[in-house]
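Accompanying notes for the structure given below.
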Amino acid sequence: MNIAAAELAARLKESVTMPMLIDYLRIESNRGYICCPFHSEKTPSMKIWDDHYKCYGCGEYGDVISFTQKYYNIGFIKAVEMLNEAFNVGLPMNRKMTPNEIRRAREAQQRRNEEKARSDRIKEQFNTLNILWASLDRIIIDHPVPDNERTAAAYRDRQYIAYLIDYFNPNEGYSEAFFSTQINEITKQFNIDLERSL
Ligand SMILES: [Zn+2]
C-alpha cells in the first residue's frame with residue numbers, strides 16, 4: 001500500500017467506526033453482535049468493536065474497509081471512496097496530495113508504526129512475566145520447602161513477579177525500560193530459557 005492510500009485509510013478509520021457502518025447498512029445489532037453477512041446463520045456470531053469485527057462462526061476478521069470490500073465485493077480504493085462519500089469524511093480522493101500533505105502522511109504513518117511496535121513489545125513483556133512466573137512456580141513445586149538458596153530466591157522472585165504482573169499497566173506509571181531490566185535480571189538469575197519456555 002502506498003503512503004497516500006495508507007494515509008487515506010488511516011484517516012477514514014479515525015472517522016468511521018464499525019457500529020456506524022453497521023447502522024448505515026441497517027444491519028441489526030444485538031449487544032454488539034450481528035448475524036454474519038459472510039456466512040449463512042440465524043443467530044448472531046459476529047462481534048463488532050469500534051475498530052474491528054470478528055465472526056466466531058466463519059473466522060472473518062477485519063476493519064470498516066475490509067468489511068465494505070467484502071460486503072459489496074469491491075476493491076480497497078473503491079471501498080475507501082464509498083465510505084468517504086457515505087460518511088462525508090472529506091478525504092481528498094480525487095486530487096494528488098501536496099508535498100506537504102505527503103510529508104505529514106509519512107510522519108503520521110511512522111507514528112502509527114512506532115505505536116504498533118511499542119504495543120507489541122508491551123504484550124511481549126507481559127507474556128514474558130507470565131512465563132517467568134510459571135518457570136519459578138515449577139521450581140517451587142519441585143521444592144515445597146525452600147531448602148536451598150536457589151529455591152528461596154524462586155519463592156521470593158515469584159512473589160515479586162506476581163507483584164510486577166499486578167502493577168503492569170501500560171496506561172499508568174509504566175516504564176518499558178524498568179520492566180525490561182527486571183525481566184532480564186530474573187531470567188539470568190534463574191537461567192531460564194525463554195525460547196524453550198514459549
Ligand atoms: Zn461468519
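Labeling convention for the C-alpha cells: chains A, B, ... as they appear, residues from 1 per chain, ligands from 1 in order of appearance.
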Surrounding residues of Trp49 of chain A excluding itself and chain neighbours under 6 positions, 8 Å, only C-alpha atoms, as a ChimeraX atom specification = /A:18-19,32
Neighbour list for segment 183-188 of chain A as a tab-separated table (two decimals) with N, CA and C atoms, in the first residue's frame, cut-off 9 Å, only C-alpha atoms, skip fewer than 4 positions in-chain:
chain	number	residue	atom	x	y	z
A	125	GLN	N	6.39	-8.27	26.82
A	125	GLN	CA	6.85	-8.18	28.21
A	125	GLN	C	5.87	-8.86	29.16
A	128	THR	N	6.13	-12.53	28.84
A	128	THR	CA	7.37	-12.99	29.45
A	128	THR	C	7.23	-13.07	30.97
A	129	LEU	N	6.60	-12.05	31.56
A	129	LEU	CA	6.39	-12.08	33.01
A	129	LEU	C	5.62	-13.34	33.41
A	132	LEU	N	7.91	-16.35	33.17
A	132	LEU	CA	8.84	-16.37	34.30
A	132	LEU	C	8.13	-16.88	35.55
A	157	ASP	N	11.23	-14.37	44.29
A	157	ASP	CA	11.05	-13.72	42.99
A	157	ASP	C	9.69	-14.02	42.37
A	161	ILE	N	7.39	-11.25	40.94
A	161	ILE	CA	6.81	-11.25	39.58
A	161	ILE	C	5.30	-11.06	39.66
A	178	PHE	N	12.17	-0.18	32.76
A	178	PHE	CA	12.14	-0.79	34.08
A	178	PHE	C	11.77	-2.27	33.99
A	179	PHE	N	10.70	-2.57	33.26
A	179	PHE	CA	10.26	-3.96	33.16
A	179	PHE	C	11.29	-4.81	32.42
A	192	ILE	N	16.75	-19.08	32.98
A	192	ILE	CA	15.54	-19.55	32.32
A	192	ILE	C	15.69	-19.36	30.81
A	193	ASP	N	15.41	-20.41	30.08
A	193	ASP	CA	15.48	-20.32	28.62
A	193	ASP	C	14.10	-19.91	28.09
A	194	LEU	N	13.95	-18.59	27.82
A	194	LEU	CA	12.65	-18.08	27.40
A	194	LEU	C	12.17	-18.71	26.09
Distance filter 10 Å around ligand 1, atoms: only C-alpha atoms and all ligand atoms, out as JSON, numbers by chain = {"A": [34, 35, 36, 37, 38, 39, 40, 41, 44, 45, 46, 47, 54, 55, 56, 57, 58, 59, 60, 61]}
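Among the candidate residues A:Glu85, A:Glu14, A:Asp137, A:Glu115, the one lying nearest to Val64 of chain A is A:Glu14, with distances computed using only C-alpha atoms.
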Going by DSSP on the backbone, which bits of segment 11-108 of chain A are strand (DSSP E)? Write them as number ranges by chain, please.
-> A: 33-34, 46-48, 53-55, 61-62
Given the selection you just returned, output its residues as a file containing N, CA and C atoms, formatted as a PDB file, in the first residue's frame.
ATOM      1  N   TYR A  33     -23.397  -7.814  18.786  1.00  0.00           N
ATOM      2  CA  TYR A  33     -23.291  -8.965  17.869  1.00  0.00           C
ATOM      3  C   TYR A  33     -24.261  -8.800  16.710  1.00  0.00           C
ATOM      4  N   ILE A  34     -23.822  -9.191  15.518  1.00  0.00           N
ATOM      5  CA  ILE A  34     -24.714  -9.179  14.360  1.00  0.00           C
ATOM      6  C   ILE A  34     -24.677 -10.557  13.692  1.00  0.00           C
ATOM      7  N   MET A  46     -21.142 -12.673  14.912  1.00  0.00           N
ATOM      8  CA  MET A  46     -20.081 -11.724  14.565  1.00  0.00           C
ATOM      9  C   MET A  46     -20.061 -10.603  15.590  1.00  0.00           C
ATOM     10  N   LYS A  47     -18.931 -10.462  16.258  1.00  0.00           N
ATOM     11  CA  LYS A  47     -18.803  -9.408  17.259  1.00  0.00           C
ATOM     12  C   LYS A  47     -18.273  -8.145  16.614  1.00  0.00           C
ATOM     13  N   ILE A  48     -18.863  -7.016  17.013  1.00  0.00           N
ATOM     14  CA  ILE A  48     -18.484  -5.714  16.457  1.00  0.00           C
ATOM     15  C   ILE A  48     -17.818  -4.867  17.534  1.00  0.00           C
ATOM     16  N   TYR A  53     -14.041  -6.128  13.509  1.00  0.00           N
ATOM     17  CA  TYR A  53     -15.112  -7.128  13.688  1.00  0.00           C
ATOM     18  C   TYR A  53     -14.478  -8.507  13.628  1.00  0.00           C
ATOM     19  N   LYS A  54     -15.145  -9.465  14.253  1.00  0.00           N
ATOM     20  CA  LYS A  54     -14.687 -10.841  14.126  1.00  0.00           C
ATOM     21  C   LYS A  54     -15.893 -11.768  14.198  1.00  0.00           C
ATOM     22  N   CYS A  55     -15.941 -12.715  13.251  1.00  0.00           N
ATOM     23  CA  CYS A  55     -17.017 -13.700  13.260  1.00  0.00           C
ATOM     24  C   CYS A  55     -16.507 -14.983  13.913  1.00  0.00           C
ATOM     25  N   TYR A  61     -12.548 -11.555   9.777  1.00  0.00           N
ATOM     26  CA  TYR A  61     -11.974 -10.603  10.708  1.00  0.00           C
ATOM     27  C   TYR A  61     -11.483  -9.412   9.923  1.00  0.00           C
ATOM     28  N   GLY A  62     -11.649  -8.186  10.445  1.00  0.00           N
ATOM     29  CA  GLY A  62     -11.117  -7.040   9.724  1.00  0.00           C
ATOM     30  C   GLY A  62     -11.640  -5.722  10.247  1.00  0.00           C
TER      31      GLY A  62
END
Filtered DSSP result for chain A, state alpha helix (DSSP H), as an MDAnalysis selection string | chainID A and resid 3:15 18:24 64:72 76:86 99:142 149:167 176:189 194:197
Tell me which protein, DNA and RNA residues are within 12 Å of Asn171 of chain A, counting only C-alpha atoms, leaving out same-chain ones fewer than 4 positions away, and put them as a PyMOL selection string.
-> chain A and resi 119+122+167+175-176
Please save N, CA and C atoms of the selected residues as a tab-separated table (two decimals), in the first residue's frame.
chain	number	residue	atom	x	y	z
A	119	SER	N	3.34	-1.32	21.27
A	119	SER	CA	2.30	-2.15	21.86
A	119	SER	C	2.65	-3.64	21.72
A	122	ILE	N	5.13	-4.32	24.52
A	122	ILE	CA	4.45	-4.37	25.82
A	122	ILE	C	3.77	-5.72	26.00
A	167	TYR	N	1.09	-4.88	38.86
A	167	TYR	CA	1.46	-3.48	38.72
A	167	TYR	C	1.57	-3.09	37.25
A	175	SER	N	6.90	1.79	32.83
A	175	SER	CA	8.16	2.09	32.17
A	175	SER	C	8.70	0.84	31.50
A	176	GLU	N	8.80	0.92	30.17
A	176	GLU	CA	9.27	-0.23	29.40
A	176	GLU	C	10.66	-0.64	29.86
Have a look at A:Gln189, A:Arg138, A:Ile77, A:Arg95 and name the one nearest to Arg150 of chain A; count only C-alpha atoms.
->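 Counting only C-alpha atoms, the residue closest to Arg150 of chain A is A:Gln189.
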Would you work out the distance separating atom CA of Gln159 of chain A from atom CA of Glu172 of chain A, expressed in Å to one decimal?
-> 21.3 Å
Determine, counting only C-alpha atoms, which protein, DNA and RNA residues have an atom within 12 Å of an atom of Arg11 of chain A; residues of the same chain fewer than 5 positions away are not included. Present the result as a VMD selection string.
-> chain A and resid 4 to 6 16 to 17 64 to 65 80 83 to 84 89 to 93 105 108 to 109 112
Export N, CA and C atoms of the chosen residues as a PDB file, in the first residue's frame?
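That gives us part_30.pdb:
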ATOM      1  N   ALA A   4       0.006   7.368   0.269  1.00  0.00           N
ATOM      2  CA  ALA A   4      -1.252   8.112   0.148  1.00  0.00           C
ATOM      3  C   ALA A   4      -2.436   7.226   0.525  1.00  0.00           C
ATOM      4  N   ALA A   5      -2.441   5.994   0.028  1.00  0.00           N
ATOM      5  CA  ALA A   5      -3.545   5.075   0.324  1.00  0.00           C
ATOM      6  C   ALA A   5      -3.571   4.747   1.811  1.00  0.00           C
ATOM      7  N   ALA A   6      -2.393   4.530   2.397  1.00  0.00           N
ATOM      8  CA  ALA A   6      -2.316   4.202   3.823  1.00  0.00           C
ATOM      9  C   ALA A   6      -2.849   5.350   4.666  1.00  0.00           C
ATOM     10  N   VAL A  16     -14.747   6.764  10.756  1.00  0.00           N
ATOM     11  CA  VAL A  16     -15.865   5.825  10.606  1.00  0.00           C
ATOM     12  C   VAL A  16     -15.604   4.579  11.458  1.00  0.00           C
ATOM     13  N   THR A  17     -16.518   4.341  12.412  1.00  0.00           N
ATOM     14  CA  THR A  17     -16.358   3.152  13.255  1.00  0.00           C
ATOM     15  C   THR A  17     -17.229   2.018  12.717  1.00  0.00           C
ATOM     16  N   VAL A  64     -13.419  -1.541   9.071  1.00  0.00           N
ATOM     17  CA  VAL A  64     -14.510  -0.990   8.258  1.00  0.00           C
ATOM     18  C   VAL A  64     -14.254  -1.149   6.767  1.00  0.00           C
ATOM     19  N   ILE A  65     -12.981  -1.003   6.377  1.00  0.00           N
ATOM     20  CA  ILE A  65     -12.682  -1.051   4.946  1.00  0.00           C
ATOM     21  C   ILE A  65     -12.841  -2.475   4.404  1.00  0.00           C
ATOM     22  N   VAL A  80     -12.832   2.588   0.138  1.00  0.00           N
ATOM     23  CA  VAL A  80     -12.482   3.850   0.812  1.00  0.00           C
ATOM     24  C   VAL A  80     -13.302   4.993   0.223  1.00  0.00           C
ATOM     25  N   LEU A  83     -16.971   4.784   1.473  1.00  0.00           N
ATOM     26  CA  LEU A  83     -17.127   5.196   2.874  1.00  0.00           C
ATOM     27  C   LEU A  83     -16.915   6.698   3.020  1.00  0.00           C
ATOM     28  N   ASN A  84     -15.937   7.209   2.284  1.00  0.00           N
ATOM     29  CA  ASN A  84     -15.635   8.633   2.306  1.00  0.00           C
ATOM     30  C   ASN A  84     -16.881   9.438   1.945  1.00  0.00           C
ATOM     31  N   VAL A  89     -16.629  12.118   4.986  1.00  0.00           N
ATOM     32  CA  VAL A  89     -15.370  12.257   5.711  1.00  0.00           C
ATOM     33  C   VAL A  89     -14.521  13.396   5.126  1.00  0.00           C
ATOM     34  N   GLY A  90     -14.697  13.626   3.831  1.00  0.00           N
ATOM     35  CA  GLY A  90     -13.969  14.732   3.219  1.00  0.00           C
ATOM     36  C   GLY A  90     -12.524  14.443   2.886  1.00  0.00           C
ATOM     37  N   LEU A  91     -12.215  13.182   2.631  1.00  0.00           N
ATOM     38  CA  LEU A  91     -10.840  12.859   2.230  1.00  0.00           C
ATOM     39  C   LEU A  91     -10.605  13.307   0.789  1.00  0.00           C
ATOM     40  N   PRO A  92      -9.395  13.785   0.494  1.00  0.00           N
ATOM     41  CA  PRO A  92      -9.094  14.231  -0.875  1.00  0.00           C
ATOM     42  C   PRO A  92      -8.818  13.043  -1.791  1.00  0.00           C
ATOM     43  N   MET A  93      -9.883  12.376  -2.239  1.00  0.00           N
ATOM     44  CA  MET A  93      -9.695  11.152  -3.022  1.00  0.00           C
ATOM     45  C   MET A  93      -9.233  11.432  -4.446  1.00  0.00           C
ATOM     46  N   ALA A 105       1.741  12.856   5.962  1.00  0.00           N
ATOM     47  CA  ALA A 105       1.217  11.488   5.907  1.00  0.00           C
ATOM     48  C   ALA A 105       2.312  10.497   6.310  1.00  0.00           C
ATOM     49  N   ALA A 108       2.790  10.663  10.006  1.00  0.00           N
ATOM     50  CA  ALA A 108       1.675  10.009  10.702  1.00  0.00           C
ATOM     51  C   ALA A 108       1.829   8.496  10.614  1.00  0.00           C
ATOM     52  N   GLN A 109       2.232   8.012   9.432  1.00  0.00           N
ATOM     53  CA  GLN A 109       2.423   6.574   9.242  1.00  0.00           C
ATOM     54  C   GLN A 109       3.525   6.064  10.175  1.00  0.00           C
ATOM     55  N   ARG A 112       2.241   5.772  13.632  1.00  0.00           N
ATOM     56  CA  ARG A 112       1.398   4.580  13.794  1.00  0.00           C
ATOM     57  C   ARG A 112       2.256   3.325  13.903  1.00  0.00           C
TER      58      ARG A 112
END
Separation of atom CA of Asp51 of chain A and atom CA of Ala10 of chain A, in Å?
-> 11.1 Å
